[in-house]
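**Student:** My structure file my_file29.txt, compact mmCIF, C-alpha atoms, is below:
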# COMPACT_ATOMS: atom_id res chain seq x y z
CA MET A 1 -2.48 22.65 -1.96
CA PRO A 2 -4.01 24.86 0.74
CA HIS A 3 -3.36 22.13 3.33
CA HIS A 4 0.22 21.27 2.37
CA GLU A 5 1.92 23.51 4.93
CA ARG A 6 -0.20 22.04 7.74
CA TRP A 7 0.56 18.48 6.55
CA GLU A 8 4.27 19.23 6.48
CA ALA A 9 4.15 20.63 10.02
CA ALA A 10 2.17 17.63 11.27
CA GLY A 11 4.30 15.13 9.36
CA ILE A 12 1.23 13.38 7.99
CA VAL A 13 -1.39 13.94 5.30
CA ASP A 14 -5.04 14.00 6.43
CA ARG A 15 -7.17 10.99 5.56
CA ASP A 16 -9.78 13.44 4.25
CA VAL A 17 -7.62 14.12 1.19
CA TRP A 18 -7.70 10.39 0.38
CA ARG A 19 -11.49 10.35 0.48
CA ALA A 20 -11.62 13.52 -1.62
CA ALA A 21 -9.24 11.96 -4.16
CA GLY A 22 -11.44 8.87 -4.27
CA ALA A 23 -14.57 10.97 -4.80
CA ALA A 24 -12.80 12.79 -7.64
CA GLY A 25 -11.91 9.49 -9.34
CA LEU A 26 -8.17 9.84 -8.76
CA LEU A 27 -7.70 6.50 -6.97
CA GLY A 28 -7.92 3.17 -8.73
CA MET A 29 -8.28 4.63 -12.18
CA ASP A 30 -7.27 1.27 -13.67
CA VAL A 31 -9.38 -0.81 -11.28
CA ASP A 32 -12.50 -2.45 -12.73
CA GLU A 33 -15.63 -0.32 -12.48
CA ALA A 34 -17.37 -3.16 -10.60
CA TYR A 35 -15.16 -2.28 -7.61
CA GLY A 36 -15.62 1.48 -7.93
CA GLY A 37 -12.56 2.12 -10.08
CA GLY A 38 -12.24 4.03 -13.31
CA GLY A 39 -11.92 0.93 -15.48
CA GLN A 40 -9.19 2.60 -17.60
CA ARG A 41 -6.22 0.27 -18.07
CA ASP A 42 -4.07 3.09 -19.40
CA PHE A 43 -1.07 4.04 -17.28
CA ARG A 44 -1.00 7.51 -18.84
CA PHE A 45 -3.78 8.59 -16.44
CA ASN A 46 -1.57 7.61 -13.50
CA CYS A 47 1.35 9.49 -15.07
CA VAL A 48 -0.69 12.69 -15.45
CA LEU A 49 -1.81 12.52 -11.80
CA ASP A 50 1.77 11.88 -10.62
CA GLU A 51 3.10 14.79 -12.71
CA GLU A 52 0.41 17.16 -11.43
CA ILE A 53 1.19 16.28 -7.81
CA VAL A 54 4.89 16.93 -8.45
CA ALA A 55 4.14 20.19 -10.27
CA SER A 56 1.99 21.39 -7.35
CA GLY A 57 4.90 20.92 -4.95
CA CYS A 58 2.76 18.88 -2.55
CA SER A 59 4.94 16.29 -0.92
CA GLY A 60 3.52 13.52 1.20
CA LEU A 61 0.66 12.52 -1.08
CA GLY A 62 1.25 8.81 -1.56
CA PHE A 63 -1.24 8.40 -4.40
CA GLY A 64 1.52 7.25 -6.77
CA LEU A 65 2.45 4.32 -4.56
CA HIS A 66 -1.22 3.49 -3.98
CA ASN A 67 -2.18 3.62 -7.70
CA ASP A 68 1.03 2.66 -9.46
CA VAL A 69 2.59 0.05 -7.17
CA VAL A 70 -0.09 -1.50 -4.97
CA ALA A 71 -3.05 -1.50 -7.41
CA PRO A 72 -1.53 -4.12 -9.75
CA TYR A 73 -0.86 -6.44 -6.80
CA LEU A 74 -4.47 -6.13 -5.68
CA THR A 75 -6.01 -6.48 -9.13
CA GLU A 76 -3.75 -9.26 -10.42
CA LEU A 77 -2.57 -11.32 -7.44
CA THR A 78 -5.54 -11.47 -5.07
CA THR A 79 -8.52 -13.77 -4.75
CA ALA A 80 -12.03 -12.72 -5.76
CA GLU A 81 -12.93 -12.39 -2.07
CA GLN A 82 -9.92 -10.14 -1.39
CA ARG A 83 -10.69 -7.94 -4.40
CA LYS A 84 -14.29 -7.58 -3.21
CA ARG A 85 -13.10 -6.73 0.32
CA TRP A 86 -10.28 -4.31 -0.53
CA LEU A 87 -10.81 -2.67 -3.93
CA PRO A 88 -13.96 -0.60 -3.22
CA GLY A 89 -12.24 1.12 -0.27
CA PHE A 90 -9.02 1.39 -2.28
CA CYS A 91 -10.89 3.36 -4.96
CA SER A 92 -12.98 5.49 -2.57
CA GLY A 93 -10.00 6.48 -0.41
CA GLU A 94 -11.45 4.76 2.66
CA LEU A 95 -8.64 2.18 2.50
CA VAL A 96 -5.08 3.52 2.26
CA THR A 97 -2.34 1.15 1.14
CA ALA A 98 1.41 0.87 1.60
CA ILE A 99 4.21 -1.52 0.73
CA ALA A 100 6.81 -2.56 3.29
CA MET A 101 9.88 -3.46 1.27
CA SER A 102 12.95 -1.53 2.43
CA GLU A 103 14.95 -2.86 5.36
CA PRO A 104 17.85 -1.63 7.46
CA GLY A 105 21.04 -2.83 5.79
CA ALA A 106 19.27 -4.11 2.66
CA GLY A 107 17.44 -1.06 1.33
CA SER A 108 15.08 -2.26 -1.37
CA ASP A 109 17.35 -5.13 -2.52
CA LEU A 110 14.75 -7.89 -2.38
CA ALA A 111 17.39 -10.62 -2.46
CA GLY A 112 18.78 -9.14 0.78
CA VAL A 113 15.43 -9.03 2.60
CA ARG A 114 15.71 -10.62 6.04
CA THR A 115 12.09 -10.32 7.19
CA THR A 116 10.61 -13.80 7.30
CA ALA A 117 7.13 -15.27 7.27
CA VAL A 118 6.44 -18.73 8.64
CA ARG A 119 3.16 -20.55 8.07
CA ASP A 120 1.09 -20.93 11.26
CA GLY A 121 -2.20 -22.71 10.62
CA ASP A 122 -4.23 -20.61 8.20
CA GLY A 123 -2.00 -17.56 8.67
CA TRP A 124 1.59 -16.41 8.78
CA VAL A 125 3.89 -15.14 11.52
CA LEU A 126 6.07 -12.27 10.29
CA ASN A 127 9.37 -11.39 11.91
CA GLY A 128 11.67 -8.56 10.81
CA GLN A 129 12.08 -4.83 10.32
CA LYS A 130 11.01 -2.44 7.58
CA THR A 131 11.89 1.21 6.92
CA PHE A 132 10.69 4.02 4.64
CA ILE A 133 7.11 2.81 4.29
CA THR A 134 5.27 5.38 2.17
CA ASN A 135 1.71 5.81 3.54
CA GLY A 136 2.71 3.56 6.46
CA GLU A 137 1.13 5.60 9.26
CA LEU A 138 -2.17 5.91 7.42
CA ALA A 139 -2.24 2.46 5.87
CA ASP A 140 -5.14 0.10 6.36
CA LEU A 141 -3.48 -2.55 4.20
CA VAL A 142 0.26 -3.10 3.82
CA ILE A 143 1.85 -5.38 1.26
CA VAL A 144 4.88 -6.80 3.10
CA VAL A 145 7.87 -8.27 1.27
CA VAL A 146 9.07 -11.34 3.18
CA LYS A 147 11.15 -14.46 2.75
CA THR A 148 8.96 -17.53 2.95
CA ASP A 149 11.69 -19.91 1.76
CA PRO A 150 15.15 -18.51 2.64
CA ALA A 151 16.86 -21.50 0.97
CA GLN A 152 15.55 -20.26 -2.40
CA GLY A 153 17.26 -16.85 -2.18
CA ALA A 154 15.43 -14.24 -4.28
CA HIS A 155 13.02 -16.94 -5.49
CA GLY A 156 11.86 -17.52 -1.91
CA VAL A 157 10.49 -13.97 -1.56
CA SER A 158 6.73 -13.48 -1.20
CA LEU A 159 4.23 -10.68 -0.72
CA ILE A 160 1.85 -10.90 2.23
CA ALA A 161 -1.07 -8.53 2.69
CA VAL A 162 -1.42 -7.38 6.29
CA GLU A 163 -4.53 -5.53 7.39
CA ARG A 164 -4.56 -2.89 10.11
CA ASP A 165 -5.36 -4.40 13.51
CA THR A 166 -4.19 -7.87 12.48
CA PRO A 167 -4.32 -10.06 15.61
CA GLY A 168 -0.93 -10.60 17.21
CA SER A 169 0.59 -7.30 16.15
CA ALA A 170 1.95 -4.81 18.66
CA GLY A 171 0.40 -1.49 17.66
CA VAL A 172 2.19 1.79 17.23
CA ALA A 173 -0.42 4.52 16.95
CA GLY A 174 -2.92 1.77 16.14
CA TRP A 175 -0.77 0.08 13.52
CA PRO A 176 1.20 -3.15 13.68
CA ARG A 177 4.90 -3.24 14.34
CA TRP A 178 6.93 -6.32 13.51
CA ALA A 179 9.48 -7.61 16.03
Show me the file's structure as structure tokens.
**Tutor:**
Amino acid sequence: MPHHERWEAAGIVDRDVWRAAGAAGLLGMDVDEAYGGGGQRDFRFNCVLDEEIVASGCSGLGFGLHNDVVAPYLTELTTAEQRKRWLPGFCSGELVTAIAMSEPGAGSDLAGVRTTAVRDGDGWVLNGQKTFITNGELADLVIVVVKTDPAQGAHGVSLIAVERDTPGSAGVAGWPRWA
């Protein structure tokens, strides 16, 4: 709370608060202890944290998105290698996450998403625009909602994890921007 006014003026929350939250056990509460998480698969812990942040009046803390939205993607939909690479930093606050879903003209209507991803060798080439990306400026890992098979409509939508400094991205303040 003592830093909130400064964060509001700067338009960004310090990364130090993420590391402090990780040290206090507030990040990845439902992530397996083997990765540095709390090992408590009980969403009520997340709810208490979210309510306390709201009650404090501190806007800008994207812990809810990190814990409530991104954590299940990382714990349930990733490979063992990805979990080993991402989850320890996720829980310690060294790795900040975001999700890029909303688009101009489509909002968060996933069926209306126009950002595409096309397979290119072992990777993907993303093309599109996203807006309102909570934690976006700080993010080290962004889960991007894309269409991988436009002919399938909503069933052709996929999630692609994009790490900061991914080759081929045009950086804005050190972070990728999609054309």
**Student:** Ranking A:Glu163, A:Glu5, A:Glu81, A:Glu51 by minimum distance to Ile99 in chain A and counting all atoms listed in the file, which one comes first?
**Tutor:**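 The answer is A:Glu163, which sits nearest to Ile99 in chain A.
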**Student:** For Gly64 in chain A, list every protein, DNA or RNA residue within 10 Å, evaluated using all atoms listed in the file, and leave out those in the same chain fewer than 4 positions away; present the list as a VMD selection string.
**Tutor:** chain A and resid 27 46 to 47 49 to 51 53 68 to 71 134
**Student:** Which residue is closest to Asp30 in chain A? Choose from A:Gly11, A:Gly57, A:Pro72, A:Pro2 and count all atoms listed in the file.
**Tutor:**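 With all atoms listed in the file as the atom set, the closest residue is A:Pro72.
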**Student:** Which residues are close to Ala23 in chain A, i.e. within 12 Å by all atoms listed in the file, leaving aside same-chain residues fewer than 5 positions away? Reply as a list in words.
**Tutor:** Asp16, Val17, Trp18, Gly28, Met29, Gly36, Gly37, Gly38, Pro88, Gly89, Phe90, Cys91, Ser92, Gly93 and Glu94 of chain A
**Student:** For the residues in the current selection, export C-alpha atoms as a tab-separated table (two decimals), in the frame of the given file.
**Tutor:**
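What ended up in part.tsv:
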chain	number	residue	atom	x	y	z
A	16	ASP	CA	-9.78	13.44	4.25
A	17	VAL	CA	-7.62	14.12	1.19
A	18	TRP	CA	-7.70	10.39	0.38
A	28	GLY	CA	-7.92	3.17	-8.73
A	29	MET	CA	-8.28	4.63	-12.18
A	36	GLY	CA	-15.62	1.48	-7.93
A	37	GLY	CA	-12.56	2.12	-10.08
A	38	GLY	CA	-12.24	4.03	-13.31
A	88	PRO	CA	-13.96	-0.60	-3.22
A	89	GLY	CA	-12.24	1.12	-0.27
A	90	PHE	CA	-9.02	1.39	-2.28
A	91	CYS	CA	-10.89	3.36	-4.96
A	92	SER	CA	-12.98	5.49	-2.57
A	93	GLY	CA	-10.00	6.48	-0.41
A	94	GLU	CA	-11.45	4.76	2.66
**Student:** Rank nothing, just name the residue among A:Lys147, A:Arg164, A:Arg83, A:Lys130 nearest to Thr97 in chain A, using all atoms listed in the file.
**Tutor:**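 Residue with the minimum atom-to-atom distance to Thr97 in chain A: A:Arg164.
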**Student:** So which one's closest to Arg114 in chain A, A:Leu74, A:Cys58, A:Val157, A:Trp7? Using only C-alpha atoms, please.
**Tutor:**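 Closest residue, counting only C-alpha atoms: A:Val157.
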**Student:** Measuring atom to atom with only C-alpha atoms, identify which of A:Pro167, A:Gly60, A:Gly105, A:Gly128 is nearest to Asp14 in chain A.
**Tutor:** A:Gly60
**Student:** Gly156 in chain A: which residues within 12 Å, counting only C-alpha atoms, same-chain residues fewer than 6 positions away excluded, as a list in words?
**Tutor:** Leu110, Ala111, Gly112, Val113, Arg114, Thr115, Thr116, Ala117, Val118, Val145, Val146, Lys147, Thr148, Asp149 and Pro150 of chain A
**Student:** Kindly add N, CA, C and O atoms to the incomplete range 88-99 of chain A and provide the output as a CSV table (one decimal), in the coordinates of the input.
**Tutor:**
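Once everything was written out, this is rebuild.csv:
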chain,number,residue,atom,x,y,z
A,88,PRO,N,-13.1,-1.8,-3.3
A,88,PRO,CA,-14.0,-0.6,-3.2
A,88,PRO,C,-13.4,0.5,-2.3
A,88,PRO,O,-13.4,1.7,-2.7
A,89,GLY,N,-12.9,0.1,-1.2
A,89,GLY,CA,-12.2,1.1,-0.3
A,89,GLY,C,-11.0,1.7,-0.9
A,89,GLY,O,-10.7,2.9,-0.6
A,90,PHE,N,-10.2,0.9,-1.6
A,90,PHE,CA,-9.0,1.4,-2.3
A,90,PHE,C,-9.4,2.5,-3.2
A,90,PHE,O,-8.7,3.6,-3.3
A,91,CYS,N,-10.5,2.4,-4.0
A,91,CYS,CA,-10.9,3.4,-5.0
A,91,CYS,C,-11.6,4.6,-4.3
A,91,CYS,O,-11.4,5.7,-4.8
A,92,SER,N,-12.3,4.4,-3.2
A,92,SER,CA,-13.0,5.5,-2.6
A,92,SER,C,-12.1,6.3,-1.7
A,92,SER,O,-12.4,7.4,-1.3
A,93,GLY,N,-10.9,5.8,-1.3
A,93,GLY,CA,-10.0,6.5,-0.4
A,93,GLY,C,-10.3,6.1,1.0
A,93,GLY,O,-9.6,6.6,1.9
A,94,GLU,N,-11.2,5.2,1.3
A,94,GLU,CA,-11.4,4.8,2.7
A,94,GLU,C,-10.4,3.8,3.1
A,94,GLU,O,-10.2,3.6,4.3
A,95,LEU,N,-9.7,3.1,2.2
A,95,LEU,CA,-8.6,2.2,2.5
A,95,LEU,C,-7.3,2.7,1.9
A,95,LEU,O,-7.3,2.8,0.7
A,96,VAL,N,-6.4,3.0,2.7
A,96,VAL,CA,-5.1,3.5,2.3
A,96,VAL,C,-4.1,2.4,2.3
A,96,VAL,O,-4.1,1.6,3.2
A,97,THR,N,-3.3,2.3,1.2
A,97,THR,CA,-2.3,1.2,1.1
A,97,THR,C,-0.9,1.6,1.2
A,97,THR,O,-0.6,2.8,1.0
A,98,ALA,N,0.0,0.6,1.5
A,98,ALA,CA,1.4,0.9,1.6
A,98,ALA,C,2.1,-0.4,1.2
A,98,ALA,O,1.5,-1.5,1.1
A,99,ILE,N,3.4,-0.3,0.9
A,99,ILE,CA,4.2,-1.5,0.7
A,99,ILE,C,5.4,-1.4,1.6
A,99,ILE,O,6.1,-0.4,1.7
